[in-house]
Structures are given as structure tokens and as C-alpha cells.
$ cat upload_10.cif   # mmCIF, C-alpha atoms
data_query
#
loop_
_atom_site.label_atom_id
_atom_site.label_comp_id
_atom_site.auth_asym_id
_atom_site.auth_seq_id
_atom_site.Cartn_x
_atom_site.Cartn_y
_atom_site.Cartn_z
CA HIS A 1 3.62 0.02 -23.63
CA HIS A 2 -0.10 -0.20 -24.41
CA ASN A 3 -2.84 2.29 -25.16
CA PHE A 4 -4.96 0.89 -22.33
CA THR A 5 -5.26 -2.07 -19.98
CA PRO A 6 -8.68 -3.79 -19.95
CA VAL A 7 -10.21 -4.05 -16.47
CA TRP A 8 -13.78 -5.05 -17.34
CA LYS A 9 -16.07 -5.78 -20.27
CA PRO A 10 -19.71 -6.85 -20.58
CA ALA A 11 -20.17 -10.62 -20.58
CA PHE A 12 -22.10 -10.45 -23.86
CA VAL A 13 -19.09 -8.97 -25.71
CA SER A 14 -16.91 -11.86 -26.84
CA ASP A 15 -13.77 -9.97 -27.89
CA LEU A 16 -12.09 -6.58 -27.48
CA VAL A 17 -11.82 -5.37 -31.06
CA PRO A 18 -12.44 -1.92 -32.65
CA GLU A 19 -15.88 -2.76 -34.01
CA ASP A 20 -18.22 -0.65 -31.84
CA ARG A 21 -20.13 -3.75 -30.81
CA CYS A 22 -22.19 -2.23 -27.98
CA HIS A 23 -20.98 1.39 -27.79
CA LEU A 24 -20.18 1.39 -24.08
CA ASN A 25 -19.87 5.12 -23.49
CA GLY A 26 -19.99 6.06 -19.80
CA VAL A 27 -19.07 4.95 -16.29
CA ALA A 28 -20.35 6.01 -12.87
CA ILE A 29 -17.96 6.00 -9.91
CA ARG A 30 -19.41 4.95 -6.55
CA ASN A 31 -17.28 5.19 -3.40
CA GLY A 32 -14.16 5.58 -5.50
CA LYS A 33 -14.78 2.53 -7.69
CA ALA A 34 -16.26 2.06 -11.14
CA ALA A 35 -19.77 0.75 -10.48
CA TYR A 36 -22.20 1.31 -13.39
CA VAL A 37 -21.84 1.73 -17.14
CA THR A 38 -24.09 2.76 -20.00
CA ALA A 39 -24.16 1.01 -23.37
CA LEU A 40 -26.29 1.59 -26.44
CA GLY A 41 -27.13 -2.09 -26.84
CA MET A 42 -26.43 -5.60 -25.57
CA THR A 43 -24.99 -6.65 -28.91
CA ASP A 44 -21.85 -8.48 -30.03
CA THR A 45 -21.60 -7.64 -33.73
CA PRO A 46 -20.03 -4.62 -35.46
CA GLY A 47 -22.41 -1.69 -34.96
CA GLY A 48 -25.05 -4.13 -33.80
CA TRP A 49 -26.68 -1.58 -31.48
CA ARG A 50 -27.71 0.78 -34.29
CA PRO A 51 -30.94 -0.84 -35.57
CA ASN A 52 -32.50 -0.64 -32.08
CA LYS A 53 -30.85 2.56 -30.87
CA ALA A 54 -34.17 4.09 -29.75
CA THR A 55 -34.97 1.29 -27.27
CA GLY A 56 -31.91 -0.95 -26.88
CA GLY A 57 -29.83 1.10 -24.43
CA VAL A 58 -28.96 -0.25 -20.98
CA VAL A 59 -27.39 0.59 -17.64
CA LEU A 60 -25.26 -2.29 -16.32
CA GLU A 61 -23.91 -2.98 -12.84
CA MET A 62 -20.24 -3.82 -13.25
CA ALA A 63 -19.89 -6.06 -10.19
CA THR A 64 -22.60 -8.47 -11.35
CA GLY A 65 -22.92 -7.68 -15.05
CA GLU A 66 -26.67 -7.46 -14.58
CA VAL A 67 -28.97 -4.95 -16.25
CA VAL A 68 -30.06 -2.23 -13.83
CA LEU A 69 -32.25 -0.45 -16.38
CA GLY A 70 -33.12 -1.24 -20.00
CA GLY A 71 -35.25 0.08 -22.84
CA LEU A 72 -33.28 3.33 -23.09
CA ALA A 73 -32.61 5.55 -26.11
CA MET A 74 -28.83 5.98 -26.35
CA PRO A 75 -28.13 6.50 -22.61
CA HIS A 76 -25.10 8.54 -21.60
CA SER A 77 -23.19 10.07 -18.67
CA PRO A 78 -24.14 7.85 -15.70
CA ARG A 79 -23.30 9.54 -12.39
CA TRP A 80 -23.55 8.53 -8.74
CA TYR A 81 -24.53 11.57 -6.69
CA ALA A 82 -26.26 12.04 -3.34
CA ASP A 83 -26.54 8.25 -2.95
CA ARG A 84 -28.51 7.90 -6.18
CA LEU A 85 -27.75 6.92 -9.77
CA TRP A 86 -28.44 9.55 -12.43
CA VAL A 87 -28.45 8.88 -16.17
CA LEU A 88 -29.10 10.89 -19.32
CA ASN A 89 -31.58 9.15 -21.61
CA SER A 90 -30.06 11.09 -24.46
CA GLY A 91 -32.32 10.04 -27.31
CA THR A 92 -35.43 11.21 -25.44
CA GLY A 93 -33.85 14.34 -23.93
CA GLU A 94 -34.55 13.21 -20.36
CA LEU A 95 -32.60 13.35 -17.12
CA LEU A 96 -33.38 10.19 -15.13
CA VAL A 97 -32.81 9.17 -11.52
CA VAL A 98 -32.62 5.40 -11.07
CA ASP A 99 -33.46 3.18 -8.10
CA VAL A 100 -30.71 0.57 -8.48
CA ARG A 101 -32.52 -1.89 -6.20
CA SER A 102 -35.86 -1.95 -7.97
CA GLY A 103 -34.64 -1.06 -11.45
CA GLN A 104 -37.23 1.71 -11.68
CA ALA A 105 -36.44 5.12 -13.16
CA GLU A 106 -38.05 8.50 -12.63
CA VAL A 107 -37.93 11.27 -15.22
CA VAL A 108 -36.60 14.40 -13.52
CA CYS A 109 -37.18 16.66 -16.53
CA GLY A 110 -37.14 16.79 -20.32
CA LEU A 111 -34.78 19.09 -22.21
CA PRO A 112 -34.64 20.27 -25.86
CA GLY A 113 -31.52 18.48 -27.03
CA TYR A 114 -29.60 15.24 -27.37
CA LEU A 115 -28.10 15.00 -23.87
CA ARG A 116 -24.44 14.37 -23.20
CA GLY A 117 -22.41 15.48 -20.17
CA LEU A 118 -23.64 15.70 -16.58
CA CYS A 119 -22.26 17.07 -13.32
CA PHE A 120 -23.67 18.35 -10.03
CA VAL A 121 -23.17 21.45 -7.90
CA GLY A 122 -25.09 21.28 -4.63
CA PRO A 123 -28.82 20.99 -5.47
CA PHE A 124 -28.22 21.71 -9.16
CA ALA A 125 -27.48 19.48 -12.13
CA LEU A 126 -25.58 20.82 -15.14
CA VAL A 127 -26.64 19.00 -18.31
CA GLY A 128 -25.07 19.24 -21.76
CA LEU A 129 -27.37 19.58 -24.79
CA CYS A 130 -26.43 18.77 -28.40
CA LYS A 131 -28.01 19.04 -31.80
CA ILE A 132 -28.43 15.93 -33.94
CA ARG A 133 -25.47 15.47 -36.28
CA GLU A 134 -25.15 12.40 -38.53
CA LYS A 135 -28.73 11.55 -39.43
CA HIS A 136 -27.82 7.96 -40.36
CA ILE A 137 -26.71 7.38 -36.76
CA PHE A 138 -28.87 9.76 -34.74
CA GLY A 139 -31.93 9.92 -36.97
CA GLY A 140 -35.23 8.44 -35.81
CA LEU A 141 -34.83 9.24 -32.11
CA PRO A 142 -37.82 10.32 -29.97
CA ILE A 143 -36.18 13.68 -29.16
CA GLN A 144 -36.59 14.78 -32.79
CA LYS A 145 -40.36 14.35 -32.58
CA ARG A 146 -40.71 16.16 -29.25
CA TYR A 147 -39.09 19.45 -30.23
CA ASP A 148 -39.16 21.49 -33.42
CA ARG A 149 -35.67 22.83 -32.74
CA LEU A 150 -32.89 21.17 -30.77
CA ARG A 151 -30.41 23.35 -28.93
CA CYS A 152 -26.75 23.15 -27.96
CA GLY A 153 -25.59 24.41 -24.59
CA VAL A 154 -25.60 23.73 -20.86
CA VAL A 155 -28.81 23.72 -18.82
CA VAL A 156 -28.98 24.20 -15.05
CA VAL A 157 -31.66 22.03 -13.43
CA ASP A 158 -32.81 22.61 -9.85
CA LEU A 159 -33.18 19.09 -8.46
CA ARG A 160 -35.42 20.34 -5.64
CA THR A 161 -38.11 21.47 -8.07
CA ALA A 162 -37.13 19.33 -11.10
CA SER A 163 -37.15 22.47 -13.22
CA GLU A 164 -34.81 24.29 -15.59
CA VAL A 165 -33.53 27.48 -13.95
CA GLY A 166 -30.87 28.61 -16.42
CA MET A 167 -29.22 27.92 -19.75
CA LEU A 168 -26.04 28.83 -21.59
CA GLU A 169 -26.76 28.33 -25.29
CA PHE A 170 -24.28 28.15 -28.14
CA THR A 171 -26.02 29.90 -31.02
CA ALA A 172 -23.12 29.48 -33.47
CA GLY A 173 -19.83 27.65 -33.81
CA CYS A 174 -20.73 24.64 -31.67
CA GLU A 175 -23.35 21.93 -32.14
CA GLU A 176 -22.08 19.18 -29.83
CA LEU A 177 -20.81 18.78 -26.29
CA TYR A 178 -19.17 15.62 -25.01
CA ASP A 179 -18.95 16.31 -21.29
CA VAL A 180 -19.70 18.96 -18.67
CA GLN A 181 -17.55 19.71 -15.63
CA PHE A 182 -17.85 22.48 -13.03
CA LEU A 183 -14.52 24.10 -12.08
CA PRO A 184 -15.07 26.31 -9.01
CA GLY A 185 -12.96 29.45 -8.86
CA VAL A 186 -11.59 28.99 -12.38
CA ARG A 187 -11.99 31.57 -15.16
CA ARG A 188 -11.07 31.14 -18.84
CA PRO A 189 -9.89 27.51 -18.58
CA MET A 190 -7.93 26.20 -21.54
CA ILE A 191 -6.13 23.00 -22.50
CA LEU A 192 -2.73 23.97 -23.91
CA ASN A 193 -0.23 22.11 -26.05
CA LEU A 194 2.84 23.12 -28.04
CA GLU A 195 0.79 23.45 -31.23
CA LYS A 196 -1.37 26.27 -29.82
CA GLU A 197 -0.27 29.89 -30.07
CA ALA A 198 -1.63 30.53 -26.58
CA VAL A 199 0.97 28.24 -24.99
CA ARG A 200 3.46 31.11 -25.29
CA GLN A 201 1.09 33.60 -23.68
CA ALA A 202 0.00 31.67 -20.58
CA VAL A 203 2.00 32.05 -17.36
CA THR A 204 1.05 30.08 -14.26
CA HIS A 205 2.29 29.39 -10.75
CA PRO A 206 0.63 27.63 -7.79
CA GLU A 207 -1.21 30.73 -6.59
CA SER A 208 -2.32 32.47 -9.77
CA SER A 209 -2.07 32.71 -13.56
CA TRP A 210 -1.62 35.40 -16.19
CA TRP A 211 -1.93 35.97 -19.91
CA LEU A 212 0.62 37.96 -21.89
CA ARG A 213 -0.83 40.32 -24.45
CA PRO A 214 -0.48 38.70 -27.91
CA SER A 215 0.94 42.02 -29.15
CA ALA A 216 3.74 41.74 -26.59
CA GLU A 217 5.40 38.84 -28.42
CA ILE A 218 8.52 39.54 -30.46
CA ARG A 219 8.87 37.14 -33.36
CA ASP A 220 12.45 36.21 -34.16
CA GLY A 221 14.10 33.24 -35.81
CA SER A 222 17.31 33.47 -33.81
CA GLU A 223 18.66 30.97 -31.30
CA GLY A 224 16.58 30.61 -28.16
CA ALA A 225 13.25 31.27 -29.79
CA GLY A 226 10.34 29.12 -28.74
CA PRO A 227 8.03 27.06 -30.99
CA GLY A 228 7.29 29.00 -34.15
CA GLY A 229 10.33 31.26 -33.63
CA THR A 230 8.91 33.51 -30.91
CA PHE A 231 10.09 34.96 -27.61
CA PRO A 232 7.84 36.09 -24.78
CA ALA A 233 8.39 39.82 -24.74
CA SER A 234 8.73 39.76 -20.95
CA ALA A 235 11.99 37.86 -21.40
CA LEU A 236 13.42 40.38 -23.88
CA CYS A 237 12.28 43.87 -23.02
CA PRO A 238 11.22 45.85 -19.94
CA ALA A 239 7.90 47.01 -21.36
CA ALA A 240 5.84 43.81 -21.51
CA GLU A 241 2.53 44.04 -19.69
CA VAL A 242 1.07 41.02 -17.91
CA HIS A 243 -2.65 40.45 -17.35
CA ASP A 244 -3.99 38.52 -14.38
CA SER A 245 -6.91 36.35 -15.52
CA ARG A 246 -8.84 37.58 -12.48
CA THR A 247 -8.07 41.29 -12.18
CA GLY A 248 -6.57 42.59 -15.43
CA PRO A 249 -3.16 44.34 -15.73
CA VAL A 250 -1.01 43.61 -12.70
CA ALA A 251 2.59 44.21 -13.70
CA SER A 252 4.79 45.87 -16.27
CA GLY A 253 8.49 46.38 -16.81
CA LEU A 254 9.21 42.67 -16.38
CA ARG A 255 12.78 41.60 -17.01
CA ASN A 256 14.54 38.31 -17.51
CA LEU A 257 16.26 37.70 -14.17
CA ASP A 258 18.37 34.74 -15.32
#

$ encode --input "upload_10.cif" --output "C-alpha cells"
Amino acid sequence: HHNFTPVWKPAFVSDLVPEDRCHLNGVAIRNGKAAYVTALGMTDTPGGWRPNKATGGVVLEMATGEVVLGGLAMPHSPRWYADRLWVLNSGTGELLVVDVRSGQAEVVCGLPGYLRGLCFVGPFALVGLCKIREKHIFGGLPIQKRYDRLRCGVVVVDLRTASEVGMLEFTAGCEELYDVQFLPGVRRPMILNLEKEAVRQAVTHPESSWWLRPSAEIRDGSEGAGPGGTFPASALCPAAEVHDSRTGPVASGLRNLD
């Protein structure tokens, strides 16, 4: 077993080793196939992209290995949408649309943050904004000179007018986003694993999902308890109340039918 199977690498990278030689960080899928990637530099030495991070970024075409667009400041999140290539020029805070034939790029709009994460919903683009973290890596970028204060959140851009029409800002507790995805019809999404308390409170089936009240858990160290020595109260007593994530309380008096 392996952690991954290499399928492609830039021609200028001589070996696949954990040295962050070019910081290849994003891929755009076109017609179901990986087509374009972003990298922070065309370098082949450990961290070699860092000295020229403000101008050394590139978009590469995977089929030919050729540079589609260069001179970028830490590009990120390439996406193929509506028959066009879109890229975040993160270090300048700009959303770009790229003509892959001519290699010319148009600035759609500028935003007050280091950009990372991009998806589309109809005529709208959802763009992730971050604050600058490690100054030794992210310091000296054009975005820091353009805005007095960088923000963290998700901006909605109307592509028809190239203007910002909405923003969800994180004012505390979060300074970085790594990706943005739109999940239609989904409320309160969460990634669960056995180390999270919530894994014992989430109940799902193909048509809906519910959350047990945390207070409805009975903690017990006896045989049959789940991780952490707990039982869902719905399996032990007839008084557990279940909440539908969409409508609120939907059932009570649940019993274990086994």
C-alpha cells in the first residue's frame, strides 16, 4: 500500500521528495480530467519558490507542461467553469479569468484578503479570504500594501457585474480557509470521526438526518457502551428526543427495537 500514486509532475521538478520544491497547490478539472495546475514557482530546490513568491507563480497546462500564465503572486484554486479558466492570484487578492489560448488574464475583482478556495453557483463565484499568518512565508506580498486590514471569510462575487454582492466574515476564531465548496440543500454539515463527541449524537439515513440532544446521552462504563463509555439515550430509555436538522424536534419516546 502507498500514500499516493504519482500521475504527473512538472518537467522542471527532477524528483518526488518532501522538499516543497515548487509548491504545486491546485488542479483544475476540465471535462472530467485534470487539465491545469498552479504552482508558486518553477523551481527544483527545497523551498526554492520562496524568494520570488510575489512574482514567480505560474499556471501550467498538464498535457503539454507549458506555462499558460506566469508572473503571479502565490496563485491558488484553479477552476474550469463556463468554458473558462479561473484562478486566484492570492498574493494580490485578485480573482482572475484566463484566456488559455492567448495566455492573457483579466482581473475580475480585487478582494481584501489572501485568497484561497473558489467555487461557482450559477452566475456567482464564492471566494475564500484569509489573513496573513507566518510573516516569514507570506510577508512582502502586494495584498498587504493594498489594504490596511485583511479579512477572513467567504465573499460572493456576481460575475455579471464583477462586483462583490455579499460576505460572510469570521471575526474571531478563524483566520484561514483552505477551500470553499457549495453544498445545496445541506444545513450544519460536519465531518465526523470516532474521536469527536458529536459522532454519538448524529443519526442519518438516505432521506434525512437528526441530532440527538447532548443531554440525552447516558454515560455508563458497562458492556455495550460506545466510544468514551456512552450510550445513545434513544437505545436505553423511551424519553429521548430527536431533532431533525431541518425542522427541529420530530420524535420522542424512541425505543431500541432490536

$ atom_distance --input "upload_10.cif" --atom1 "CA of Val58 (chain A)" --atom2 "CA of Val37 (chain A)"
8.3 Å

$ atom_distance --input "upload_10.cif" --atom1 "CA of Trp210 (chain A)" --atom2 "CA of Glu195 (chain A)"
19.4 Å

$ closest_atom_pairs --input "upload_10.cif" --of "region 172-203 of chain A" --to "region 75-87 of chain A" --cutoff "10 Å" --atoms "only C-alpha atoms" --output "tab-separated table"
residue	atom	partner	partner_atom	distance
A:Tyr178	CA	A:Ser77	CA	9.3
A:Asp179	CA	A:Ser77	CA	8.0
A:Val180	CA	A:Ser77	CA	9.6

$ atom_distance --input "upload_10.cif" --atom1 "CA of Val100 (chain A)" --atom2 "CA of Gly32 (chain A)"
17.5 Å

$ residues_around --input "upload_10.cif" --residues "Gly65 (chain A)" --least-positions-apart "5" --cutoff "10 Å" --atoms "all atoms listed in the file" --output "MDAnalysis selection string"
chainID A and resid 8:12 36:37 59:60

$ resolve_selection --input "upload_10.cif" --expression "the PyMOL selection byres ((chain A and resi 161-176) around 12)" --output "count of residues only"
43

$ closest_residue --input "upload_10.cif" --among "A:Ala34, A:Ala39, A:Thr45, A:Pro51" --to "Val67 (chain A)" --atoms "all atoms listed in the file"
A:Ala39

$ resolve_selection --input "upload_10.cif" --expression "the PyMOL selection byres ((chain A and resi 54-57) around 10)" --output "number ranges by chain"
A: 22-24, 38-43, 49-53, 58-60, 69-76, 89-92, 138-143

$ axis_aligned_box --input "upload_10.cif" --around "region 13-31 of chain A" --padding-each-side "8 Å" --output "JSON"
{"center_x": -17.0, "center_y": -2.9, "center_z": -18.7, "size_x": 26.4, "size_y": 33.9, "size_z": 46.6}

$ closest_residue --input "upload_10.cif" --among "A:Thr64, A:Trp211, A:Arg146, A:Leu118" --to "Ala28 (chain A)" --atoms "only C-alpha atoms"
A:Leu118

$ build_atoms --input "upload_10.cif" --residues "region 57-87 of chain A" --atoms "N, CA and C atoms" --output "short mmCIF file (atom, residue, chain, number, x, y, z; two decimals), keeping the file's coordinate frame"
data_model
loop_
_atom_site.label_atom_id
_atom_site.label_comp_id
_atom_site.auth_asym_id
_atom_site.auth_seq_id
_atom_site.Cartn_x
_atom_site.Cartn_y
_atom_site.Cartn_z
N GLY A 57 -30.85 0.67 -25.37
CA GLY A 57 -29.83 1.10 -24.43
C GLY A 57 -30.03 0.53 -23.04
N VAL A 58 -28.91 0.36 -22.31
CA VAL A 58 -28.96 -0.25 -20.98
C VAL A 58 -28.00 0.43 -20.02
N VAL A 59 -28.31 0.29 -18.73
CA VAL A 59 -27.39 0.59 -17.64
C VAL A 59 -27.03 -0.74 -17.00
N LEU A 60 -25.73 -1.02 -16.87
CA LEU A 60 -25.26 -2.29 -16.32
C LEU A 60 -24.54 -2.05 -15.00
N GLU A 61 -24.71 -2.98 -14.07
CA GLU A 61 -23.91 -2.98 -12.84
C GLU A 61 -22.64 -3.77 -13.12
N MET A 62 -21.49 -3.18 -12.88
CA MET A 62 -20.24 -3.82 -13.25
C MET A 62 -19.93 -5.03 -12.38
N ALA A 63 -20.24 -4.97 -11.10
CA ALA A 63 -19.89 -6.06 -10.19
C ALA A 63 -20.58 -7.36 -10.56
N THR A 64 -21.82 -7.27 -11.04
CA THR A 64 -22.60 -8.47 -11.35
C THR A 64 -22.81 -8.67 -12.85
N GLY A 65 -22.64 -7.61 -13.62
CA GLY A 65 -22.92 -7.68 -15.05
C GLY A 65 -24.39 -7.63 -15.38
N GLU A 66 -25.23 -7.45 -14.37
CA GLU A 66 -26.67 -7.46 -14.58
C GLU A 66 -27.19 -6.11 -15.07
N VAL A 67 -28.33 -6.16 -15.75
CA VAL A 67 -28.97 -4.95 -16.25
C VAL A 67 -29.72 -4.27 -15.11
N VAL A 68 -29.36 -3.02 -14.83
CA VAL A 68 -30.06 -2.23 -13.83
C VAL A 68 -31.30 -1.59 -14.44
N LEU A 69 -31.15 -1.12 -15.69
CA LEU A 69 -32.25 -0.45 -16.38
C LEU A 69 -32.08 -0.66 -17.88
N GLY A 70 -33.16 -1.01 -18.56
CA GLY A 70 -33.12 -1.24 -20.00
C GLY A 70 -34.16 -0.40 -20.72
N GLY A 71 -34.27 -0.62 -22.04
CA GLY A 71 -35.25 0.08 -22.84
C GLY A 71 -34.95 1.55 -23.07
N LEU A 72 -33.66 1.93 -22.99
CA LEU A 72 -33.28 3.33 -23.09
C LEU A 72 -32.89 3.71 -24.52
N ALA A 73 -32.95 5.01 -24.79
CA ALA A 73 -32.61 5.55 -26.11
C ALA A 73 -31.24 6.23 -26.04
N MET A 74 -30.20 5.47 -26.33
CA MET A 74 -28.83 5.98 -26.35
C MET A 74 -28.45 6.66 -25.03
N PRO A 75 -28.45 5.91 -23.92
CA PRO A 75 -28.13 6.50 -22.61
C PRO A 75 -26.68 6.97 -22.55
N HIS A 76 -26.44 7.93 -21.68
CA HIS A 76 -25.10 8.54 -21.60
C HIS A 76 -24.88 9.11 -20.20
N SER A 77 -23.62 9.32 -19.86
CA SER A 77 -23.19 10.07 -18.67
C SER A 77 -23.81 9.58 -17.37
N PRO A 78 -23.64 8.30 -17.01
CA PRO A 78 -24.14 7.85 -15.70
C PRO A 78 -23.31 8.49 -14.58
N ARG A 79 -23.98 8.90 -13.52
CA ARG A 79 -23.30 9.54 -12.39
C ARG A 79 -23.92 9.07 -11.08
N TRP A 80 -23.07 8.83 -10.09
CA TRP A 80 -23.55 8.53 -8.74
C TRP A 80 -23.41 9.79 -7.91
N TYR A 81 -24.54 10.31 -7.43
CA TYR A 81 -24.53 11.57 -6.69
C TYR A 81 -25.63 11.55 -5.65
N ALA A 82 -25.30 11.99 -4.45
CA ALA A 82 -26.26 12.04 -3.34
C ALA A 82 -26.91 10.68 -3.11
N ASP A 83 -26.09 9.63 -3.19
CA ASP A 83 -26.54 8.25 -2.95
C ASP A 83 -27.60 7.78 -3.94
N ARG A 84 -27.56 8.32 -5.15
CA ARG A 84 -28.51 7.90 -6.18
C ARG A 84 -27.78 7.86 -7.53
N LEU A 85 -28.32 7.04 -8.43
CA LEU A 85 -27.75 6.92 -9.77
C LEU A 85 -28.55 7.80 -10.73
N TRP A 86 -27.84 8.64 -11.46
CA TRP A 86 -28.44 9.55 -12.43
C TRP A 86 -27.93 9.19 -13.82
N VAL A 87 -28.80 9.26 -14.80
CA VAL A 87 -28.45 8.88 -16.17
C VAL A 87 -29.15 9.83 -17.15
#
